[in-house]
Each structure stands twice: as structure tokens, then as C-alpha cells.
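Pasting upload.txt here (compact mmCIF, C-alpha atoms and all ligand atoms):
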# COMPACT_ATOMS: atom_id res chain seq x y z
CA MET J 73 0.00 0.00 0.00
CA GLN J 74 2.79 2.35 0.85
CA GLU J 75 4.42 1.50 -2.43
CA LYS J 76 1.20 2.38 -4.25
CA LEU J 77 0.94 5.60 -2.27
CA ARG J 78 4.43 6.68 -3.29
CA GLU J 79 3.70 5.85 -6.91
CA ILE J 80 0.47 7.87 -6.97
CA THR J 81 2.15 10.80 -5.27
CA GLU J 82 5.20 10.88 -7.50
CA ASN J 83 3.04 10.52 -10.55
CA ALA J 84 0.71 13.27 -9.45
CA LEU J 85 3.54 15.68 -8.57
CA LYS J 86 5.16 15.06 -11.98
CA LYS J 87 1.90 15.65 -13.85
CA ILE J 88 1.32 18.83 -11.91
CA LYS J 89 4.79 20.05 -12.68
CA ASP J 90 4.34 19.30 -16.38
CA ALA J 91 0.85 20.80 -16.60
CA LYS J 92 0.78 23.37 -19.37
CA SER J 93 -2.63 24.77 -18.66
CA ILE J 94 -4.88 25.46 -15.76
CA ASN J 95 -7.27 22.78 -17.04
CA GLU J 96 -4.54 20.17 -16.85
CA VAL J 97 -4.02 21.15 -13.22
CA TYR J 98 -7.72 20.76 -12.50
CA ALA J 99 -7.72 17.38 -14.27
CA VAL J 100 -4.97 16.10 -11.95
CA ASN J 101 -6.95 17.36 -9.00
CA THR J 102 -10.01 15.38 -10.06
CA ALA J 103 -8.04 12.25 -11.02
CA VAL J 104 -6.14 12.09 -7.73
CA LEU J 105 -8.01 13.97 -5.03
CA GLY J 106 -11.56 13.87 -6.46
CA LYS J 107 -14.27 11.74 -4.92
CA ASN J 108 -13.19 8.70 -6.90
CA GLY J 109 -9.62 9.85 -7.36
CA GLU J 110 -6.71 7.46 -6.99
CA LEU J 111 -5.64 8.79 -3.63
CA SER J 112 -9.17 9.04 -2.28
CA LEU J 113 -9.80 5.39 -3.16
CA LEU J 114 -6.54 4.37 -1.56
CA MET J 115 -7.42 6.27 1.59
CA ARG J 116 -10.69 4.44 1.83
CA GLY J 117 -8.62 1.22 2.05
CA LEU J 118 -7.14 2.45 5.31
CA ARG J 119 -9.91 0.85 7.31
CA ASP J 120 -8.81 -2.62 6.04
CA LEU J 121 -5.38 -2.25 7.60
CA ARG J 122 -4.51 -3.58 10.99
CA ALA J 123 -5.23 -1.17 13.79
CA GLU J 124 -1.58 -0.69 14.76
CA GLU J 125 -0.60 0.12 11.17
CA ARG J 126 -3.35 2.65 10.62
CA PRO J 127 -1.96 5.75 12.41
CA GLN J 128 1.36 5.63 10.65
CA VAL J 129 -0.03 4.91 7.19
CA GLY J 130 -2.85 7.37 7.77
CA ALA J 131 -0.38 10.14 8.65
CA LEU J 132 1.64 9.33 5.56
CA MET J 133 -1.45 9.45 3.40
CA ASN J 134 -2.43 12.83 4.85
CA LYS J 135 1.04 14.14 4.17
CA CYS J 136 0.92 12.92 0.55
CA ARG J 137 -2.51 14.49 0.09
CA ASP J 138 -1.25 17.80 1.50
CA ASP J 139 1.85 17.70 -0.69
CA ILE J 140 -0.26 17.12 -3.80
CA ASN J 141 -2.70 19.81 -2.75
CA ASN J 142 0.08 22.33 -2.20
CA ALA J 143 1.68 21.45 -5.52
CA LEU J 144 -1.70 21.92 -7.23
CA HIS J 145 -2.21 25.37 -5.73
CA LEU J 146 1.31 26.43 -6.49
CA ARG J 147 1.09 25.39 -10.14
CA GLU J 148 -2.36 26.92 -10.45
CA LYS J 149 -1.00 30.25 -9.22
CA GLU J 150 2.01 30.04 -11.52
CA LEU J 151 -0.17 29.45 -14.55
CA LEU J 152 -2.60 32.24 -13.64
CA ASP J 153 0.32 34.66 -13.16
CA GLU J 154 1.76 33.65 -16.51
CA ALA J 155 -1.58 34.24 -18.21
CA LEU J 156 -1.86 37.64 -16.57
CA ASP J 157 1.67 38.61 -17.61
CA GLU J 158 0.86 37.60 -21.17
CA LYS J 159 -2.34 39.63 -21.13
CA ILE J 160 -0.53 42.69 -19.79
CA ALA J 161 2.22 42.31 -22.37
CA SER J 162 -0.26 41.95 -25.23
CA GLU J 163 -2.26 44.99 -24.11
CA LYS J 164 0.69 47.20 -23.45
CA ILE J 165 0.36 50.75 -24.76
CA ASP J 166 3.39 52.59 -25.96
CA VAL J 167 2.92 55.98 -24.40
CA THR J 168 5.88 57.35 -26.26
CA THR J 169 4.25 56.90 -29.68
CA PRO J 170 3.78 60.38 -31.17
CA VAL J 171 0.09 61.35 -31.35
CA LYS J 172 -1.64 63.57 -33.87
CA PRO J 173 -1.66 67.07 -32.41
CA PHE J 174 -5.10 68.04 -31.06
CA GLN J 175 -6.74 70.94 -32.86
CA TYR J 176 -7.84 73.44 -30.26
CA GLY J 177 -10.65 75.73 -31.29
CA THR J 178 -10.54 79.46 -30.70
CA LYS J 179 -13.24 81.81 -29.55
CA HIS J 180 -15.28 82.84 -32.56
CA PRO J 181 -14.68 86.52 -33.46
CA ILE J 182 -18.34 87.35 -32.75
CA GLU J 183 -18.13 85.65 -29.38
CA GLN J 184 -14.94 87.57 -28.57
CA ILE J 185 -16.53 90.94 -29.26
CA GLN J 186 -19.70 89.95 -27.45
CA GLN J 187 -17.70 89.02 -24.34
CA GLU J 188 -15.63 92.20 -24.48
CA LEU J 189 -18.76 94.33 -24.71
CA ILE J 190 -20.45 92.47 -21.86
CA ASP J 191 -17.33 92.99 -19.69
CA TYR J 192 -17.25 96.68 -20.59
CA PHE J 193 -20.89 97.33 -19.69
CA VAL J 194 -21.09 95.05 -16.66
CA ALA J 195 -18.16 96.98 -15.18
CA GLN J 196 -20.35 100.07 -15.46
CA GLY J 197 -23.26 98.53 -13.62
CA PHE J 198 -25.35 97.33 -16.56
CA GLU J 199 -27.44 94.20 -16.12
CA VAL J 200 -27.27 91.46 -18.77
CA LYS J 201 -30.78 90.42 -19.85
CA ASP J 202 -31.55 87.22 -21.68
CA GLY J 203 -33.99 87.27 -24.53
CA THR J 204 -35.41 84.42 -26.55
CA ASP J 205 -34.89 83.69 -30.24
CA VAL J 206 -38.57 82.89 -30.67
CA GLU J 207 -40.46 86.08 -29.91
CA THR J 208 -43.93 87.41 -30.48
CA ASP J 209 -45.07 90.03 -32.93
CA TYR J 210 -46.01 92.19 -29.95
CA TYR J 211 -42.53 92.38 -28.40
CA CYS J 212 -40.71 92.71 -31.72
CA PHE J 213 -43.03 95.22 -33.36
CA GLU J 214 -46.23 96.42 -31.69
CA ALA J 215 -44.79 97.42 -28.32
CA LEU J 216 -41.91 99.14 -30.12
CA ASN J 217 -44.34 101.38 -31.95
CA ILE J 218 -44.26 99.44 -35.21
CA PRO J 219 -47.91 98.68 -35.97
CA LYS J 220 -48.98 95.98 -38.42
CA ASP J 221 -49.11 98.19 -41.52
CA HIS J 222 -45.94 100.15 -40.76
CA PRO J 223 -43.42 100.30 -43.65
CA ALA J 224 -40.55 99.70 -41.19
CA ARG J 225 -41.71 96.08 -41.09
CA ASP J 226 -40.58 95.55 -44.67
CA ALA J 227 -36.94 96.12 -43.77
CA GLN J 228 -37.30 93.68 -40.90
CA ASP J 229 -39.16 90.84 -42.52
CA THR J 230 -38.72 87.67 -40.50
CA PHE J 231 -39.66 84.02 -40.24
CA TYR J 232 -43.16 83.34 -38.95
CA PHE J 233 -44.27 80.24 -37.05
CA ASP J 234 -47.78 81.65 -37.07
CA PRO J 235 -49.14 85.23 -37.16
CA GLU J 236 -48.06 85.83 -33.54
CA ARG J 237 -44.88 83.82 -33.08
CA ILE J 238 -41.77 84.80 -35.01
CA LEU J 239 -38.00 84.60 -34.91
CA ARG J 240 -36.92 87.91 -33.42
CA VAL J 241 -35.71 90.50 -35.91
CA HIS J 242 -33.78 92.49 -33.33
CA THR J 243 -32.68 92.36 -29.72
CA SER J 244 -34.84 95.45 -29.07
CA ALA J 245 -37.63 93.06 -27.99
CA THR J 246 -35.67 92.56 -24.77
CA GLN J 247 -35.97 96.28 -24.02
CA VAL J 248 -39.74 95.86 -23.80
CA ARG J 249 -39.54 92.70 -21.73
CA THR J 250 -37.21 94.46 -19.29
CA MET J 251 -39.23 97.68 -18.99
CA GLU J 252 -42.44 95.71 -18.49
CA THR J 253 -41.06 94.02 -15.41
CA GLN J 254 -38.77 96.66 -13.96
CA GLN J 255 -39.26 100.33 -13.10
CA PRO J 256 -36.41 102.85 -13.67
CA PRO J 257 -33.59 103.31 -13.08
CA ILE J 258 -32.80 100.66 -15.70
CA LYS J 259 -29.38 99.97 -17.20
CA MET J 260 -29.43 96.86 -19.31
CA ILE J 261 -27.71 95.15 -22.18
CA SER J 262 -28.84 92.15 -24.17
CA THR J 263 -27.16 90.20 -26.92
CA GLY J 264 -27.76 87.27 -29.21
CA LYS J 265 -28.92 85.98 -32.57
CA VAL J 266 -31.49 87.79 -34.69
CA TYR J 267 -33.19 86.73 -37.92
CA ARG J 268 -34.28 88.39 -41.14
CA VAL J 269 -35.51 87.17 -44.49
CA ASP J 270 -32.48 88.33 -46.47
CA GLU J 271 -30.72 86.88 -49.47
CA ILE J 272 -27.26 85.69 -48.44
CA ASP J 273 -24.43 87.76 -49.88
CA ALA J 274 -21.15 89.28 -48.71
CA THR J 275 -22.91 91.63 -46.28
CA HIS J 276 -26.21 89.85 -45.54
CA SER J 277 -27.02 86.72 -43.62
CA PRO J 278 -30.47 85.54 -42.47
CA ILE J 279 -28.96 85.00 -39.03
CA PHE J 280 -26.74 87.60 -37.44
CA HIS J 281 -26.00 89.00 -33.99
CA GLN J 282 -26.98 92.17 -32.20
CA PHE J 283 -26.07 93.93 -29.00
CA GLU J 284 -28.70 96.10 -27.35
CA ILE J 285 -28.18 98.89 -24.85
CA LEU J 286 -30.96 100.54 -22.83
CA VAL J 287 -30.87 103.12 -20.04
CA VAL J 288 -34.02 104.59 -18.51
CA ASP J 289 -33.82 107.21 -15.79
CA GLU J 290 -34.75 110.79 -14.97
CA HIS J 291 -33.17 113.63 -16.96
CA LEU J 292 -31.33 111.58 -19.58
CA THR J 293 -30.35 113.48 -22.72
CA MET J 294 -28.73 112.93 -26.12
CA GLY J 295 -25.53 114.04 -24.39
CA ASP J 296 -25.66 110.90 -22.21
CA LEU J 297 -26.25 108.78 -25.28
CA LYS J 298 -23.30 110.34 -27.06
CA GLY J 299 -21.06 109.85 -24.03
CA ILE J 300 -21.93 106.16 -23.75
CA LEU J 301 -21.41 105.53 -27.45
CA GLU J 302 -18.15 107.47 -27.59
CA GLY J 303 -16.79 105.41 -24.70
CA LEU J 304 -17.90 102.23 -26.41
CA VAL J 305 -16.32 103.05 -29.76
CA LYS J 306 -13.02 104.09 -28.20
CA TYR J 307 -13.02 100.86 -26.20
CA LEU J 308 -13.56 98.79 -29.33
CA PHE J 309 -11.44 100.64 -31.88
CA GLY J 310 -8.98 102.75 -29.92
CA GLU J 311 -8.78 106.09 -28.09
CA LYS J 312 -8.42 108.18 -31.22
CA THR J 313 -11.71 107.04 -32.68
CA GLN J 314 -14.32 109.79 -33.07
CA ILE J 315 -18.04 109.38 -33.61
CA ARG J 316 -20.48 111.20 -35.82
CA MET J 317 -24.26 111.19 -35.33
CA ARG J 318 -26.60 111.56 -38.28
CA PRO J 319 -30.35 112.04 -38.01
CA SER J 320 -32.22 108.86 -38.77
CA PHE J 321 -35.53 107.17 -38.11
CA PHE J 322 -36.62 104.29 -35.91
CA PRO J 323 -40.23 104.03 -34.72
CA PHE J 324 -39.07 103.24 -31.18
CA THR J 325 -36.75 106.21 -30.73
CA GLU J 326 -37.34 109.93 -31.05
CA PRO J 327 -35.06 111.52 -32.06
CA SER J 328 -33.17 108.71 -33.78
CA VAL J 329 -29.59 108.68 -34.97
CA GLU J 330 -27.28 106.61 -37.09
CA VAL J 331 -23.83 106.55 -35.54
CA ASP J 332 -20.60 106.38 -37.53
CA ALA J 333 -17.04 106.06 -36.26
CA THR J 334 -13.85 107.32 -37.86
CA CYS J 335 -12.41 104.46 -39.85
CA PRO J 336 -10.04 102.47 -37.60
CA TYR J 337 -7.90 101.60 -40.63
CA CYS J 338 -7.13 105.05 -42.04
CA GLY J 339 -8.04 107.17 -39.03
CA GLY J 340 -10.50 109.17 -41.13
CA LYS J 341 -8.34 109.95 -44.14
CA GLY J 342 -10.22 107.62 -46.45
CA CYS J 343 -9.33 104.11 -47.59
CA SER J 344 -10.85 101.12 -49.34
CA ILE J 345 -12.41 99.80 -46.12
CA CYS J 346 -14.39 103.01 -45.50
CA LYS J 347 -14.93 103.52 -49.23
CA ASN J 348 -12.94 106.76 -48.98
CA SER J 349 -15.48 108.37 -46.67
CA GLY J 350 -13.26 108.29 -43.58
CA PHE J 351 -16.22 106.92 -41.58
CA ILE J 352 -17.86 103.56 -41.09
CA GLU J 353 -21.48 103.05 -40.11
CA LEU J 354 -21.71 101.43 -36.72
CA LEU J 355 -25.11 101.40 -35.12
CA GLY J 356 -28.58 102.81 -34.66
CA ALA J 357 -29.57 104.70 -31.53
CA GLY J 358 -31.84 107.33 -30.08
CA MET J 359 -33.94 108.53 -27.19
CA VAL J 360 -36.62 105.98 -26.39
CA ASN J 361 -39.93 107.07 -27.88
CA PRO J 362 -42.28 108.08 -25.00
CA LYS J 363 -44.94 105.85 -26.59
CA VAL J 364 -42.70 102.83 -25.96
CA LEU J 365 -42.20 103.86 -22.33
CA GLU J 366 -45.96 104.20 -21.92
CA ASN J 367 -46.54 100.80 -23.58
CA CYS J 368 -44.42 99.40 -20.75
CA ASN J 369 -46.18 101.39 -18.00
CA ILE J 370 -43.27 103.73 -17.42
CA ASP J 371 -44.23 107.34 -16.74
CA SER J 372 -42.88 109.26 -19.75
CA SER J 373 -43.41 112.62 -18.07
CA LYS J 374 -40.91 111.63 -15.42
CA TYR J 375 -38.48 109.33 -17.20
CA THR J 376 -36.50 109.37 -20.41
CA GLY J 377 -34.64 106.53 -22.04
CA LEU J 378 -31.73 106.13 -24.38
CA ALA J 379 -31.09 103.09 -26.49
CA ALA J 380 -28.77 101.68 -29.10
CA GLY J 381 -28.46 98.53 -31.12
CA LEU J 382 -25.37 97.35 -32.91
CA GLY J 383 -24.58 94.48 -35.20
CA LEU J 384 -21.86 92.27 -33.77
CA ASP J 385 -21.08 90.64 -37.11
CA ARG J 386 -20.32 94.04 -38.53
CA MET J 387 -18.14 94.92 -35.54
CA ALA J 388 -16.19 91.68 -35.97
CA MET J 389 -15.78 92.32 -39.69
CA ILE J 390 -14.49 95.84 -39.12
CA ARG J 391 -12.21 94.83 -36.28
CA TYR J 392 -10.64 91.91 -38.13
CA GLY J 393 -10.88 93.20 -41.69
CA ILE J 394 -13.22 90.38 -42.75
CA THR J 395 -14.88 91.36 -46.02
CA ASP J 396 -17.45 88.58 -46.40
CA ILE J 397 -19.98 87.88 -43.63
CA ARG J 398 -20.33 84.27 -44.85
CA GLU J 399 -16.86 83.54 -43.54
CA LEU J 400 -18.20 84.04 -40.02
CA TYR J 401 -20.66 81.18 -40.57
CA ASP J 402 -18.63 78.65 -42.58
CA ASN J 403 -16.90 77.52 -39.38
CA ASP J 404 -13.65 76.80 -41.15
CA ILE J 405 -11.27 76.27 -38.26
CA ASN J 406 -8.26 77.35 -40.31
CA PHE J 407 -9.94 80.65 -41.05
CA LEU J 408 -11.25 81.23 -37.54
CA LYS J 409 -8.04 80.43 -35.69
CA GLN J 410 -6.41 83.56 -37.11
CA PHE J 411 -8.45 85.66 -34.70
CA LYS J 412 -7.00 84.64 -31.37
N1 LIG V 1 -33.35 97.49 -33.61
C1 LIG V 1 -32.66 98.25 -34.61
C2 LIG V 1 -32.35 97.38 -35.81
O1 LIG V 1 -32.39 96.20 -35.69
C3 LIG V 1 -31.39 98.83 -34.06
C4 LIG V 1 -31.65 99.85 -33.03
C5 LIG V 1 -31.79 101.16 -33.40
C6 LIG V 1 -31.77 99.52 -31.71
C7 LIG V 1 -32.05 102.16 -32.49
C8 LIG V 1 -32.02 100.49 -30.75
C9 LIG V 1 -32.15 101.81 -31.16
O2 LIG V 1 -32.12 100.22 -29.46
O3 LIG V 1 -32.39 102.76 -30.24
O4 LIG V 1 -32.04 97.86 -36.84

Would you give me this structure, written as C-alpha cells?
Ligand code: DAH
Amino acid sequence: MQEKLREITENALKKIKDAKSINEVYAVNTAVLGKNGELSLLMRGLRDLRAEERPQVGALMNKCRDDINNALHLREKELLDEALDEKIASEKIDVTTPVKPFQYGTKHPIEQIQQELIDYFVAQGFEVKDGTDVETDYYCFEALNIPKDHPARDAQDTFYFDPERILRVHTSATQVRTMETQQPPIKMISTGKVYRVDEIDATHSPIFHQFEILVVDEHLTMGDLKGILEGLVKYLFGEKTQIRMRPSFFPFTEPSVEVDATCPYCGGKGCSICKNSGFIELLGAGMVNPKVLENCNIDSSKYTGLAAGLGLDRMAMIRYGITDIRELYDNDINFLKQFK
């Protein structure tokens, strides 16, 4: 019996040592230590031995079983470690391989100017008001003193969802929304996309961007308006820039002005950018029409307002010498990254 025991053990230990896979290890386990395994069967024969032999043979059997068991666990661990090492090696990433450089975007020129203007006005205590792209006829036209049959509507034709709901034609709608909910003093700005039914060409786009300024308080005059706009233009185009106000017409301001700035390229001498006039058209502005104040329940005998609206696309084009508005919307990263 002892001879048999040694044979089984040696055999098992050799097979374990030679096992090439984890399954081979498990197979040895079953064949030797399993319920009907060689060693298990042999151990069952222990009871047939004489009583005085049993303890010694029994101890030997236990030792053999433990040796085999240990060998099994050891080999199992070795094989698992090998498999893991192989997996790690096969999945290894070479972090030194050169990668394609990542293309970082830049702030869009319109966004840049928008942010600069917001910073400028917020520093002077203006509140930033959000508007919505979908507006109503009332806020875009009626409340701003542009009734249904008014010819000013032709220049501001927009996209209609239905007779009441439209895409806003200007940020001036936000003036009304602000004055309706807030009594003076009011100092607000608002900015965003606006929409018009316009054929696309070098200077027209059906979507563009505006920046709106509104101040309502007691005793405001055209002098205040001029001061604000002069500061703004110098901030955008440099200290030497001068402004010129020309009489104009907007239904929501009275009087109304068109504001030009001395050309930032030639300083007013005349060049191709300003078409030799020395000036470039910048924005529309005026004193808020008392009718608009009254439409918003603001006492026009006590308060006056000043307002202005400028096109951000135009500002970006002037600032960066962009001659075709379409380039602002093509989103060609190579074009846009020039304007860091
Ligand atoms: N809303 C005008 C437009 O889109 C621009 C404008 C002119 C805004 C005069 C104003 C203003 O606030 O006072 O053409």
C-alpha cells in the first residue's frame, strides 16, 4: 500500500509540474483527489489495515494528500500569473508613440466681441438680460411702436411660425420685456442671434448677432447717449476714434440717430475699407420714444430713455478686416483660428 501511495504521489507531482494549462491542473486534482480519485480510493482502504498500522499509514497518506494539494495550488498560481503577464504584455500601450496634435478651437470673433462688450458694460453697472430667439409680434413690433401696416416692417421681414410667433428681428424686444417688469432706473444690455428674411451675400445673412443697450432714468439726454457711445467706440477701436451722429428714423426712438465712427484703418483719411469716406457706419440709436415707455407702464413725463443697437457681425468684420460675412458662418477652423 505504501508503495502504491508513493507511486500515486510521484506521478501526481510530476503531472502537476508538467501541466501546461490550468485545465490540466484541475484534471490532476479530479483524477487524484476527487471523490473517486486514486488517492481518495486508496485512503478508503485504510480501514482494512490492521489497527496498529493505521496511524502511521494514515499520517503518511495525509502528508501525501497535502503535498499534492500544495503542488496543485502552487502550479495553479504560476499558470494564472503567466496568463496575466501575457495579457498585460499583449495589451501594453506605448505611451511614447507620437500622437496627432489636437486641434484646439478658438473663440469665434463674434463671441470675442460679445464678451468684451459684456465685460465693458457690466463693469459700469449694466445688467445682462436674456432674450429668446422665438419672440412674439407684440414684443418685436407692436410694443416698439411698429404697428402691423408700418413700412418699417418691410426692412425687418422675418420668419413666422404663425401670425403671432416669429423669430426675433432684433434684440430690441428685450428692451420691452425688461421695462415691463422693472421700473427705472434701468441699465441693461442684451445680446444674441437675430433673424431676417435676407438673401445671403457678402454683407447679408439671415442670421446675425446684435447687442442692445438701454438706459431709462430721470433727466437723460442725447448728451448721455453720445457719451456712452463714444466710450464704447473708443473701447472697441482705440482712443483716437471719433463718432459722428446723423439724423435717422426708428419708430421706437425719437429723435433717432445713425452713428458712424472714424475708420479704424485710415483714421479718417479715407481708404478702401471706408470707401474713402473716412467713416464707417456702426449702429442705430436714439432717445426711447415716449410711446414705448408708456406701452411698458413707465411714466414718460418723469423718465426718459436712451437706447442703441449694434450688429456684432459688422463689428467683428471691421475689427478683423473680414470682407465677407459668410466667412463668419462657414466655421472653417483654419480661417477662424487667425483671430485669437
Ligand atoms: N433694432 C434696430 C435694428 O435692428 C437697431 C436699433 C436702433 C436699436 C435704435 C435700438 C435703437 O435700441 O435705439 O435695426

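Candidate residues J:Asp202, J:Asn108, J:Ile261, J:Cys136 were compared for distance to Thr81 in chain J, and the nearest is J:Cys136, using all atoms listed in the file.
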
All residues 7 Å or closer to range 139-154 of chain J, only C-alpha atoms, same chain fewer than 3 positions away omitted, as an MDAnalysis selection string | chainID J and resid 81 84:85 88:89 93:94 97 135:136 157:158

Write as a PyMOL selection string the residues around ligand LIG 1 (chain V), taking 7 Å as the cut-off and counting only C-alpha atoms and all ligand atoms.
-> chain J and resi 241-244+284-286+322+324-325+328+355-360+378-382

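With all atoms listed in the file as the atoms that count, the minimum distance from Val266 in chain J to the choices J:Met387, J:Leu77, J:Ile279, J:Met251 is reached by J:Ile279.
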
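For the pair CA of Tyr307 in chain J and CA of Glu199 in chain J, the separation is 18.8 Å.
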
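Residue nearest Ala388 in chain J within the list J:Ala215, J:Cys335, J:Ile182, J:Ala91: J:Ile182 [criterion: smallest interatomic distance, only C-alpha atoms].
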
Contacts of Tyr337 in chain J within 12 Å, all atoms listed in the file, excl. fewer than 2 positions in-chain, as a PyMOL selection string = chain J and resi 309-310+312-313+333-335+339-352+390-393

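Picture a line from CA of Gln247 in chain J to CA of Ser277 in chain J; it runs 23.6 Å.
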
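Checking J:Lys265, J:His276, J:Arg78, J:Lys298 one by one against Gln186 in chain J, counting only C-alpha atoms, you find the shortest gap at J:Lys265.
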
Hey, can you pull every residue with an atom no more than 10 Å from (-29.1, 114.1, -32.3), using all atoms listed in the file, and send it as a PDB file with C-alpha atoms, in the coordinates of the input?
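Done, and the output landed in result.pdb:
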ATOM      1  CA  THR J 293     -30.350 113.480 -22.720  1.00  0.00           C
ATOM      2  CA  MET J 294     -28.730 112.930 -26.120  1.00  0.00           C
ATOM      3  CA  GLY J 295     -25.530 114.040 -24.390  1.00  0.00           C
ATOM      4  CA  LEU J 297     -26.250 108.780 -25.280  1.00  0.00           C
ATOM      5  CA  LYS J 298     -23.300 110.340 -27.060  1.00  0.00           C
ATOM      6  CA  ARG J 316     -20.480 111.200 -35.820  1.00  0.00           C
ATOM      7  CA  MET J 317     -24.260 111.190 -35.330  1.00  0.00           C
ATOM      8  CA  ARG J 318     -26.600 111.560 -38.280  1.00  0.00           C
ATOM      9  CA  PRO J 319     -30.350 112.040 -38.010  1.00  0.00           C
ATOM     10  CA  SER J 320     -32.220 108.860 -38.770  1.00  0.00           C
ATOM     11  CA  GLU J 326     -37.340 109.930 -31.050  1.00  0.00           C
ATOM     12  CA  PRO J 327     -35.060 111.520 -32.060  1.00  0.00           C
ATOM     13  CA  SER J 328     -33.170 108.710 -33.780  1.00  0.00           C
ATOM     14  CA  VAL J 329     -29.590 108.680 -34.970  1.00  0.00           C
ATOM     15  CA  GLU J 330     -27.280 106.610 -37.090  1.00  0.00           C
ATOM     16  CA  VAL J 331     -23.830 106.550 -35.540  1.00  0.00           C
ATOM     17  CA  ALA J 357     -29.570 104.700 -31.530  1.00  0.00           C
ATOM     18  CA  GLY J 358     -31.840 107.330 -30.080  1.00  0.00           C
ATOM     19  CA  MET J 359     -33.940 108.530 -27.190  1.00  0.00           C
TER      20      MET J 359
END

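Considering all atoms listed in the file, the residue among J:Gly303, J:Pro235, J:Pro223, J:Pro181 positioned nearest to Ile394 in chain J is J:Pro181.
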
CA of Pro323 in chain J and CA of Arg225 in chain J, how far apart in Å?
-> 10.3 Å
